[in-house]
Amino acid sequence: MIAMKSKVAVPKTIYPTLDSLLMAVRGCRACDAQLPLGPRPVLRASESARILIVGQAPGLRVHTTGVPWDDASGERLRAWMGLDKTAFYDASRIAIIPMGYCYPGRGNGGDLPPRRECAALWLDQLLVRLPRVELTLLIGQYAQRHFLASRRKASLADTTQAWREYAPQFIPLPHPSPRNQPWLARHPWFERELLPMLRARIGALSGC
């Protein structure tokens with residue numbers, strides 16, 4: 001796996017358990033000075049999880065509640081996956097680790113990109129602690145760039161349409177934001193071909 005370039009020094013601490021690692025991540029203050037609302041890392045995981053969701057970074061509502069995908073995008077993502085909230089938030093089945101763990105603030109065209117420090121400091125350590133993951137959902141360009149590296153296509157649409165090349169380990173997805181409705185309308189194959197496969201695979205792995 002090719003890690004994101006960063007000048008952040010990787011910590012030398014070896015955490016004995018996933019719980020201790022998650023506690024350290026949630027206490028991370030590496031970007032304190034750069035975050036407009038301060039740090040509040042939002043992620044969840046269990047060593048028994050068989051599905052991993054990798055998105056972009058928490059939005060303002062998620063920063064406020066501390067609950068990942070606690071917004072309209074999350075509602076659509078759960079519909080895509082064919083899961084209710086109880087199953088979706090069962091960390092023993094589904095791990096949720098975005099590329100950036102804290103709300104990065106707003107830019108001219110929406111939320112700023114996830115900060116790179118998160119992946120540089122913590123991602124590899126977290127992934128090692130998830131030995132049972134069989135399916136990783138790569139939501140958006142930042143997750144796809146990190147995990148697929150040179151295998152990624154020229155555009156998000158091309159990468160998503162080529163999902164068969166990455167399955168069964170990875171499934172690339174667009175962001176489920178309501179603002180992406182025009183994208184879905186332009187790419188009807190997504191709901192016709194990819195979503196039925198996704199729901200079947202999620203059901204088999206989650207037991208739902």
# chains A, B, ... in the order shown; residues from 1 in each chain; ligands from 1

$ closest_atom_pairs --of "range 104-195 of chain A" --to "range 62-74 of chain A" --cutoff "10 Å" --atoms "only C-alpha atoms" --output "JSON lines"
{"residue": "A:Pro104", "atom": "CA", "partner": "A:His63", "partner_atom": "CA", "distance": 9.7}
{"residue": "A:His175", "atom": "CA", "partner": "A:Ser73", "partner_atom": "CA", "distance": 7.7}
{"residue": "A:Pro176", "atom": "CA", "partner": "A:Ser73", "partner_atom": "CA", "distance": 5.0}
{"residue": "A:Ser177", "atom": "CA", "partner": "A:Ser73", "partner_atom": "CA", "distance": 4.5}
{"residue": "A:Pro178", "atom": "CA", "partner": "A:Ser73", "partner_atom": "CA", "distance": 6.5}
{"residue": "A:Arg179", "atom": "CA", "partner": "A:Ser73", "partner_atom": "CA", "distance": 9.2}
{"residue": "A:Asn180", "atom": "CA", "partner": "A:Ser73", "partner_atom": "CA", "distance": 9.8}

$ closest_atom_pairs --of "range 134-197 of chain A" --to "range 108-126 of chain A" --cutoff "12 Å" --atoms "only C-alpha atoms" --output "tab-separated table"
residue	atom	partner	partner_atom	distance
A:Gly140	CA	A:Pro113	CA	10.9
A:Gln141	CA	A:Pro113	CA	10.1
A:Tyr142	CA	A:Pro114	CA	8.0
A:Ala143	CA	A:Pro114	CA	10.0
A:His146	CA	A:Ala119	CA	9.1
A:Phe147	CA	A:Leu123	CA	11.0
A:Ser177	CA	A:Gly110	CA	11.4
A:Arg179	CA	A:Gly110	CA	10.6

$ atom_distance --atom1 "CA of Gly100 in chain A" --atom2 "CA of Arg61 in chain A"
15.1 Å

$ residues_around --residues "Ser92 in chain A" --least-positions-apart "4" --cutoff "12 Å" --atoms "only C-alpha atoms" --output "VMD selection string"
chain A and resid 44 to 52 86 to 88 96 130 132 to 133 205 to 207

$ write_last_selection --atoms "C-alpha atoms" --output "PDB file, in the first residue's frame"
ATOM      1  CA  ARG A  44     -14.959   3.279  15.244  1.00  0.00           C
ATOM      2  CA  ALA A  45     -13.616  -0.229  14.811  1.00  0.00           C
ATOM      3  CA  SER A  46     -13.497  -3.740  16.217  1.00  0.00           C
ATOM      4  CA  GLU A  47     -11.120  -6.596  15.452  1.00  0.00           C
ATOM      5  CA  SER A  48     -14.114  -8.731  14.478  1.00  0.00           C
ATOM      6  CA  ALA A  49     -15.303  -6.332  11.738  1.00  0.00           C
ATOM      7  CA  ARG A  50     -15.463  -7.831   8.271  1.00  0.00           C
ATOM      8  CA  ILE A  51     -16.420  -4.613   6.467  1.00  0.00           C
ATOM      9  CA  LEU A  52     -14.473  -1.353   6.493  1.00  0.00           C
ATOM     10  CA  THR A  86     -28.539  -0.750  14.126  1.00  0.00           C
ATOM     11  CA  ALA A  87     -26.527  -2.897  11.722  1.00  0.00           C
ATOM     12  CA  PHE A  88     -24.568   0.024  10.285  1.00  0.00           C
ATOM     13  CA  ILE A  96     -15.644   3.184   9.996  1.00  0.00           C
ATOM     14  CA  LEU A 130      -8.463  -5.293  11.549  1.00  0.00           C
ATOM     15  CA  ARG A 132     -10.923  -9.998   9.485  1.00  0.00           C
ATOM     16  CA  VAL A 133     -11.841  -7.243   7.031  1.00  0.00           C
ATOM     17  CA  LEU A 205     -20.526 -10.393   5.322  1.00  0.00           C
ATOM     18  CA  SER A 206     -22.658  -8.615   7.890  1.00  0.00           C
ATOM     19  CA  GLY A 207     -25.213 -11.346   8.432  1.00  0.00           C
TER      20      GLY A 207
END

$ atom_distance --atom1 "CA of Lys85 in chain A" --atom2 "CA of Arg145 in chain A"
28.2 Å

$ residues_around --residues "Arg29 in chain A" --least-positions-apart "3" --cutoff "9 Å" --atoms "only C-alpha atoms" --output "JSON, numbers by chain"
{"A": [25, 26, 32, 33, 38, 39, 40]}

$ write_last_selection --atoms "C-alpha atoms" --output "compact mmCIF listing (two decimals), in the first residue's frame"
# COMPACT_ATOMS: atom_id res chain seq x y z
CA VAL A 25 -6.23 8.27 17.99
CA ARG A 26 -9.18 9.92 19.73
CA ASP A 32 -4.98 21.36 16.75
CA ALA A 33 -3.74 24.67 15.35
CA GLY A 38 -10.53 22.00 17.23
CA PRO A 39 -9.86 18.26 17.14
CA ARG A 40 -12.59 15.68 17.60
